[in-house]
Amino acid sequence: MADPDLRDFLELLERRGQLRRITAPVDPDLEVAAIADRVLACGGPALLFENVIGSDLPLAVNVLGTVERVVWAMGLERAEQLEELGSRLALLQQPRPPKGLQETAAMGRVLWDLVRARPDRDLTPPCQQTVLRGDAVNLDALPLIRPWPGDAGRVITLGLVITRDPETRVPNVGVYRLQQQDARSMSVHWLSVRGGARHLRKAAERGQPLEVAVALGVHPLLVMAAATPIPVQLSEWLFAGLYAGRGVHLARCRSVDLEVPAHSEIVLEGTITPGETAPDGPFGDHMGFYGLEEPSPLVRFHTITHRRRPVMLTTFSGRPPKEEAMLAIALNRIYTPILRQQVPEIVDFFLPMEALSYKLAVIAIDKAYPGQARRAAMAFWSALPQFTYTKFVVVVDRSINVRDPRQVVWAIAACVDPQRDLFVLDDTPFDSLDFASERLGLGGRLAIDATTKIGPEKRHDWGEPLARDAALEQRVSARWAELGLADIGGDGSGADPALFGLQLEHVLERLAAAPR
């Protein structure tokens, strides 16, 4: 892959018929999001608005609106390759001495990947072709959108927010929402557990401001790397290099001691004074509701650098499907090998988009002893940070296809006794955006043991599952055409009608074609 560059990726999408240029004037206040939402719901292309009212800059949206485009952003061609990437990351997650020549070779390839992934420095970065300071800084000139009618203001949604630990000098790169407050300031919305919030607390203890840089219009691969909370002891830049297959080119900012991707379209440089806040929100969020207004740190920007004729990149949250759901589907594939290494008895797992891609997990285990389903659920909740806010875990046998809702529902109906197989954890840390909780930020979790019960888990014999002899099934398949049934399928060719496992764009194409 070449240096991660948004323009190159947009050109790739256009060559593949996955980019539509919109030359008609479009209002960034509500209209951009309304148009993009309809296109995304139809599995349509990325959009490049070239005539945004109130700004001279073009605006790209829906760039990651299909799983296919997310895969391309990773420099891959097939979704299956995401698990190969996950396997390499799993070796870094819990390295162990290799057994045999094959594992030694695999570890060697991963170490070489690390060497290639080291970031490089660019002394003449494209992101600094134009430098604006002081009164020339004007956020009003940017094509910032307001997605929903009840939103409090214009937002940045796909910017890399970069800070540095005041003690260790280690940087953090996160993707946080920023709300414009005036022409030179924005509030930043981050959870207290995030790296930026930790850095601000340390700066406050030292009585000093926290420097902040926001990189806008970066290659989507960098957004993926920054949004992936996998607990590997790597910087986000090195992690992005692993994703890209080569090191990210960085550039030192003009007015703060931070580094940003050299090929960013726009970079905002500023500081946060500890204790200075502004009202942030409400905004439409991924739960499908408006979040609450709350005081958030205020970033005052004093420098803007950008490329000539920069391109903005944006997205918006809401009830799925949205771009963030497509990212989650891809990340699910990357997480799978990592989770298997963390919890060996887990054979497969799935996070349905309909459950916001993290609220409900279905995990299949290779069950070997009583109580294993409960143990697997507990291990899942603690395996990776992104599973902290998973409310429901359904544990099934390895014979169940976790991506087929019919099989999962059958397992729940046939294998669960609610008074025995429901396991609730009370008062655990919770997503403050989940209004179903009785107390915001604190809630319960439920595990459902939908596995076949063995040993002391049952007090009576369990019925034998229905099954036909494999030879009979093969004989029927071989005779399917002879029976005159070839036109209705069912020949055992492996077609899977399950909805969960289909790539979203195929499902949406069927929905769009259905009569209304």
# chains A, B, ... in the order shown; residues from 1 in each chain; ligands from 1

$ residues_around --residues "range 182-189 of chain A" --least-positions-apart "2" --cutoff "10 Å" --atoms "only C-alpha atoms" --output "PyMOL selection string"
chain A and resi 134-141+154-156+161+175-180+191-192+196-197+268+270-272+276-281+294-304

$ write_last_selection --atoms "C-alpha atoms" --output "mmCIF file, in the first residue's frame"
data_model
loop_
_atom_site.group_PDB
_atom_site.id
_atom_site.type_symbol
_atom_site.label_atom_id
_atom_site.label_comp_id
_atom_site.auth_asym_id
_atom_site.auth_seq_id
_atom_site.Cartn_x
_atom_site.Cartn_y
_atom_site.Cartn_z
ATOM 1 C CA GLY A 134 -4.098 33.886 14.879
ATOM 2 C CA ASP A 135 -7.024 35.806 13.395
ATOM 3 C CA ALA A 136 -6.701 33.838 10.123
ATOM 4 C CA VAL A 137 -7.933 30.732 11.965
ATOM 5 C CA ASN A 138 -11.595 30.372 11.048
ATOM 6 C CA LEU A 139 -13.492 27.133 11.677
ATOM 7 C CA ASP A 140 -16.535 28.635 9.956
ATOM 8 C CA ALA A 141 -14.756 28.098 6.617
ATOM 9 C CA ARG A 154 -21.676 21.607 13.801
ATOM 10 C CA VAL A 155 -19.319 18.691 14.410
ATOM 11 C CA ILE A 156 -16.095 16.983 13.481
ATOM 12 C CA VAL A 161 -7.441 13.797 18.103
ATOM 13 C CA VAL A 175 -11.431 9.441 17.336
ATOM 14 C CA TYR A 176 -13.652 11.767 19.366
ATOM 15 C CA ARG A 177 -16.545 14.017 18.437
ATOM 16 C CA LEU A 178 -15.823 17.757 18.511
ATOM 17 C CA GLN A 179 -18.567 20.403 18.564
ATOM 18 C CA GLN A 180 -17.860 23.867 17.196
ATOM 19 C CA LEU A 191 -15.044 9.265 27.988
ATOM 20 C CA SER A 192 -13.049 9.546 31.202
ATOM 21 C CA GLY A 196 -6.984 12.056 25.926
ATOM 22 C CA ALA A 197 -8.947 12.400 29.177
ATOM 23 C CA LEU A 268 -5.938 22.006 13.726
ATOM 24 C CA GLY A 270 -4.466 24.164 19.888
ATOM 25 C CA THR A 271 -4.552 23.715 23.648
ATOM 26 C CA ILE A 272 -6.952 22.816 26.438
ATOM 27 C CA GLU A 276 -12.189 25.270 30.993
ATOM 28 C CA THR A 277 -15.308 23.642 29.555
ATOM 29 C CA ALA A 278 -18.249 24.423 27.290
ATOM 30 C CA PRO A 279 -21.721 22.859 26.960
ATOM 31 C CA ASP A 280 -21.485 19.914 24.572
ATOM 32 C CA GLY A 281 -24.525 18.245 23.048
ATOM 33 C CA GLU A 294 -22.744 17.899 29.390
ATOM 34 C CA PRO A 295 -19.770 20.171 30.037
ATOM 35 C CA SER A 296 -16.755 19.069 27.985
ATOM 36 C CA PRO A 297 -13.163 20.307 27.665
ATOM 37 C CA LEU A 298 -12.763 23.343 25.419
ATOM 38 C CA VAL A 299 -10.029 23.295 22.763
ATOM 39 C CA ARG A 300 -8.837 26.715 21.614
ATOM 40 C CA PHE A 301 -7.191 26.518 18.185
ATOM 41 C CA HIS A 302 -4.494 29.024 17.227
ATOM 42 C CA THR A 303 -3.052 27.403 14.091
ATOM 43 C CA ILE A 304 -4.472 25.648 11.045
#

$ atom_distance --atom1 "CA of Gly455 in chain A" --atom2 "CA of Val395 in chain A"
17.5 Å

$ select_by_dssp --residues "range 48-237 of chain A" --states "alpha helix (DSSP H)" --output "ChimeraX atom specification"
/A:67-73,81-93,100-117,195-206,220-227,236-237

$ write_last_selection --atoms "C-alpha atoms" --output "PDB file, in the first residue's frame"
ATOM      1  CA  VAL A  67     -17.917  -3.763   4.275  1.00  0.00           C
ATOM      2  CA  GLU A  68     -16.284  -4.045   0.862  1.00  0.00           C
ATOM      3  CA  ARG A  69     -15.008  -0.468   1.027  1.00  0.00           C
ATOM      4  CA  VAL A  70     -13.741  -0.991   4.574  1.00  0.00           C
ATOM      5  CA  VAL A  71     -11.757  -3.992   3.321  1.00  0.00           C
ATOM      6  CA  TRP A  72     -10.310  -1.893   0.476  1.00  0.00           C
ATOM      7  CA  ALA A  73      -9.338   0.792   2.985  1.00  0.00           C
ATOM      8  CA  GLN A  81      -8.149 -11.508   4.732  1.00  0.00           C
ATOM      9  CA  LEU A  82      -9.182  -9.558   7.827  1.00  0.00           C
ATOM     10  CA  GLU A  83      -8.890 -12.746   9.894  1.00  0.00           C
ATOM     11  CA  GLU A  84      -5.379 -13.272   8.532  1.00  0.00           C
ATOM     12  CA  LEU A  85      -4.508  -9.799   9.804  1.00  0.00           C
ATOM     13  CA  GLY A  86      -6.108 -10.671  13.135  1.00  0.00           C
ATOM     14  CA  SER A  87      -3.982 -13.807  13.366  1.00  0.00           C
ATOM     15  CA  ARG A  88      -0.811 -11.742  13.016  1.00  0.00           C
ATOM     16  CA  LEU A  89      -1.996  -9.285  15.644  1.00  0.00           C
ATOM     17  CA  ALA A  90      -2.856 -12.206  17.949  1.00  0.00           C
ATOM     18  CA  LEU A  91       0.798 -13.267  17.930  1.00  0.00           C
ATOM     19  CA  LEU A  92       1.708  -9.804  19.207  1.00  0.00           C
ATOM     20  CA  GLN A  93      -1.098  -9.859  21.751  1.00  0.00           C
ATOM     21  CA  GLY A 100       8.075 -25.998  15.019  1.00  0.00           C
ATOM     22  CA  LEU A 101       9.313 -24.460  11.800  1.00  0.00           C
ATOM     23  CA  GLN A 102       5.904 -23.201  10.649  1.00  0.00           C
ATOM     24  CA  GLU A 103       5.249 -21.171  13.811  1.00  0.00           C
ATOM     25  CA  THR A 104       8.830 -19.875  13.767  1.00  0.00           C
ATOM     26  CA  ALA A 105       8.322 -18.617  10.212  1.00  0.00           C
ATOM     27  CA  ALA A 106       4.989 -17.002  11.186  1.00  0.00           C
ATOM     28  CA  MET A 107       6.598 -15.197  14.131  1.00  0.00           C
ATOM     29  CA  GLY A 108       9.439 -14.058  11.873  1.00  0.00           C
ATOM     30  CA  ARG A 109       6.953 -12.542   9.424  1.00  0.00           C
ATOM     31  CA  VAL A 110       5.211 -10.688  12.257  1.00  0.00           C
ATOM     32  CA  LEU A 111       8.515  -9.296  13.548  1.00  0.00           C
ATOM     33  CA  TRP A 112       9.359  -8.144  10.025  1.00  0.00           C
ATOM     34  CA  ASP A 113       5.914  -6.517   9.861  1.00  0.00           C
ATOM     35  CA  LEU A 114       6.828  -4.583  13.019  1.00  0.00           C
ATOM     36  CA  VAL A 115      10.071  -3.383  11.480  1.00  0.00           C
ATOM     37  CA  ARG A 116       8.270  -2.171   8.348  1.00  0.00           C
ATOM     38  CA  ALA A 117       5.521  -0.546  10.444  1.00  0.00           C
ATOM     39  CA  GLY A 195      -6.273   8.393  26.600  1.00  0.00           C
ATOM     40  CA  GLY A 196      -6.984  12.056  25.926  1.00  0.00           C
ATOM     41  CA  ALA A 197      -8.947  12.400  29.177  1.00  0.00           C
ATOM     42  CA  ARG A 198      -6.120  10.766  31.135  1.00  0.00           C
ATOM     43  CA  HIS A 199      -3.609  13.158  29.595  1.00  0.00           C
ATOM     44  CA  LEU A 200      -5.800  16.150  30.532  1.00  0.00           C
ATOM     45  CA  ARG A 201      -5.978  14.989  34.162  1.00  0.00           C
ATOM     46  CA  LYS A 202      -2.188  14.697  34.292  1.00  0.00           C
ATOM     47  CA  ALA A 203      -1.806  18.157  32.744  1.00  0.00           C
ATOM     48  CA  ALA A 204      -4.180  19.548  35.374  1.00  0.00           C
ATOM     49  CA  GLU A 205      -2.076  17.998  38.157  1.00  0.00           C
ATOM     50  CA  ARG A 206       0.959  19.786  36.721  1.00  0.00           C
ATOM     51  CA  PRO A 220      -9.685   5.718   6.476  1.00  0.00           C
ATOM     52  CA  LEU A 221      -7.092   3.116   7.442  1.00  0.00           C
ATOM     53  CA  LEU A 222      -5.719   5.549  10.047  1.00  0.00           C
ATOM     54  CA  VAL A 223      -9.225   6.033  11.420  1.00  0.00           C
ATOM     55  CA  MET A 224      -9.543   2.252  11.713  1.00  0.00           C
ATOM     56  CA  ALA A 225      -6.240   2.007  13.592  1.00  0.00           C
ATOM     57  CA  ALA A 226      -7.138   4.826  15.999  1.00  0.00           C
ATOM     58  CA  ALA A 227     -10.599   3.383  16.680  1.00  0.00           C
ATOM     59  CA  GLU A 236      -1.389   3.931  17.347  1.00  0.00           C
ATOM     60  CA  TRP A 237       1.089   4.946  14.652  1.00  0.00           C
TER      61      TRP A 237
END

$ residues_around --residues "Met312 in chain A" --least-positions-apart "3" --cutoff "9 Å" --atoms "only C-alpha atoms" --output "ChimeraX atom specification"
/A:57-61,142-144,216-218,265-266

$ closest_residue --among "A:Val416, A:Leu19, A:Leu47, A:Ala368" --to "Val32 in chain A" --atoms "only C-alpha atoms"
A:Leu47

$ atom_distance --atom1 "CA of Leu132 in chain A" --atom2 "CA of Gly54 in chain A"
19.0 Å

$ residues_around --residues "Leu10 in chain A" --least-positions-apart "3" --cutoff "9 Å" --atoms "only C-alpha atoms" --output "PyMOL selection string"
chain A and resi 5-7+13-15+18-19+46+48+60+63

$ closest_residue --among "A:Glu259, A:Glu473, A:Glu293, A:Glu354" --to "Cys127 in chain A" --atoms "only C-alpha atoms"
A:Glu259

$ residues_around --residues "Arg307 in chain A" --least-positions-apart "5" --cutoff "9 Å" --atoms "only C-alpha atoms" --output "list of chain:residue names"
A:Pro125, A:Pro126, A:Cys127, A:Gln128, A:Gln129, A:Thr130, A:His263, A:Ser264, A:Glu265, A:Ile266

$ closest_atom_pairs --of "range 369-408 of chain A" --to "range 423-439 of chain A" --cutoff "9 Å" --atoms "only C-alpha atoms" --output "CSV"
residue,atom,partner,partner_atom,distance
A:Arg374,CA,A:Phe423,CA,7.6
A:Thr388,CA,A:Phe430,CA,7.6
A:Tyr389,CA,A:Phe430,CA,5.6
A:Thr390,CA,A:Phe430,CA,8.7
A:Lys391,CA,A:Phe430,CA,8.6

$ residues_around --residues "range 315-323 of chain A" --least-positions-apart "5" --cutoff "6 Å" --atoms "only C-alpha atoms" --output "JSON, numbers by chain"
{"A": [61, 64, 65, 285, 286, 287, 288]}
